[in-house]
Amino acid sequence: MASTLNAEERTKLIEGAFEAKKYSYSPYSKFPVGAALLANDGSIIKGANVENASYGGTICAERTAIVKAVSEGIREFIGLAVVTNVSSAISPCGICRQVIREFCPLDMPILLVPGDYPQPPPAPDSGYGEGGVKETTLGILLPDSFGPEHLELPRKS
Ligand SMILES: O=c1ccn([C@H]2C[C@H](O)[C@@H](CO)O2)c(=O)[nH]1
Ligand SMILES: [Zn+2]
C-alpha cells in the first residue's frame with residue numbers, strides 16, 4: 001500500500017518548498033525552484049537550485065535537498081515537495097529522479113506544488129488535489145527503475 005502524508009506533514013512540506021525557493025540562485029534560467037524533504041524523524045531539509053556560469057554545473061533543488069540531508073546523516077525520507085514560480089505542477093528532471101531513487105522508497109509521496117498555491121479547488125478526477133497540488137510517487141515518475149538493490153544480485157562469473 002502506498003504511504004500517505006497527514007495534513008500537518010503536507011503543510012510542512014509545502015511551506016518548506018516555498019521557503020527553500022527564496023534562496024534559489026538562478027540568474028541564468030530565471031527559473032527558481034524549491035524542494036523540501038520530510039525525514040522520518042519529522043525534520044524538514046530544504047534545497048534550492050544553484051546554477052553556474054558553466055551551465056552544466058547547475059544543481060537542481062531536489063538534489064540540493066538530498067545531498068544536504070545525506071551529508072548530515074539523514075537518509076530516511078517520507079515525503080518530498082517541489083515548487084517553482086509557474087502555475088503548473090513541475091516534475092523533477094531525469095537526473096533528480098535517479099538520485100531520489102537512491103534514497104527514497106518507490107511509494108513515497110511526491111508533492112508537485114503550483115507556484116500560485118493554493119489554487120481554487122480542482123475539478124474532480126483532474127489528477128490534482130487540494131490547492132492544485134499534484135501528488136505522485138517516485139515509482140510513477142521512474143518506472144522499471146534501476147536502484148541500489150540491483151547491484152546486490154548474483155552476477156555471471
Ligand atoms: O525539477 C526541477 C527542474 C528544474 N530545476 C532547475 C534547474 C535549473 O536551475 C532551472 C531550469 O532548468 O531549474 C530544478 O531545480 N528542479
Ligand atoms: Zn533535476
# chains A, B, ... in the order shown; residues from 1 in each chain; ligands from 1
$ residues_near_ligand --ligand "ligand 2" --cutoff "12 Å" --atoms "only C-alpha atoms and all ligand atoms" --output "PyMOL selection string"
chain A and resi 33-35+47-51+56-66+82+90-100
$ residues_around --residues "range 106-109 of chain A" --least-positions-apart "6" --cutoff "12 Å" --atoms "only C-alpha atoms" --output "VMD selection string"
chain A and resid 1 to 6 9 to 10 13 37 to 40 76 to 82 97 to 98 100 133 to 147
$ select_by_dssp --residues "range 13-66 of chain A" --states "alpha helix (DSSP H)" --output "JSON, numbers by chain"
{"A": [13, 14, 15, 16, 17, 18, 19, 20, 21, 61, 62, 63, 64, 65, 66]}
$ closest_residue --among "A:Pro105, A:Gly132, A:Pro121, A:Gly73" --to "Ala89 in chain A" --atoms "only C-alpha atoms"
A:Gly132
$ closest_residue --among "A:Ala17, A:Cys104, A:Val70, A:Ile110" --to "Ile44 in chain A" --atoms "only C-alpha atoms"
A:Ala17
$ closest_residue --among "A:Ile14, A:Glu130, A:Ala7, A:Tyr23" --to "ligand 1" --atoms "only C-alpha atoms and all ligand atoms"
A:Tyr23
$ residues_around --residues "Val86 in chain A" --least-positions-apart "6" --cutoff "9 Å" --atoms "only C-alpha atoms" --output "list in words"
Phe31, Pro114, Gly115 and Asp116 of chain A
$ write_last_selection --atoms "C-alpha atoms" --output "mmCIF file, in the first residue's frame"
data_model
loop_
_atom_site.group_PDB
_atom_site.id
_atom_site.type_symbol
_atom_site.label_atom_id
_atom_site.label_comp_id
_atom_site.auth_asym_id
_atom_site.auth_seq_id
_atom_site.Cartn_x
_atom_site.Cartn_y
_atom_site.Cartn_z
ATOM 1 C CA PHE A 31 13.570 29.679 -13.005
ATOM 2 C CA PRO A 114 1.938 25.097 -8.238
ATOM 3 C CA GLY A 115 3.777 28.406 -7.789
ATOM 4 C CA ASP A 116 0.452 30.143 -7.144
#
$ atom_distance --atom1 "CA of Lys21 in chain A" --atom2 "CA of Pro122 in chain A"
24.3 Å
$ atom_distance --atom1 "CA of Ser88 in chain A" --atom2 "atom 4 (C, counted along the ligand's line) of ligand 1"
13.1 Å
$ closest_residue --among "A:Lys68, A:Phe18, A:Glu8, A:Thr84" --to "ligand 1" --atoms "only C-alpha atoms and all ligand atoms"
A:Thr84
$ select_by_dssp --residues "range 49-112 of chain A" --states "strand (DSSP E)" --output "MDAnalysis selection string"
chainID A and resid 77:83 109:112
$ atom_distance --atom1 "CA of Tyr128 in chain A" --atom2 "CA of Glu15 in chain A"
18.2 Å
$ closest_residue --among "A:Lys12, A:Lys22, A:Lys30, A:His150" --to "ligand 1" --atoms "only C-alpha atoms and all ligand atoms"
A:Lys30
$ closest_residue --among "A:Ser43, A:Thr11, A:Ser87, A:Asn52" --to "ligand 1" --atoms "only C-alpha atoms and all ligand atoms"
A:Asn52
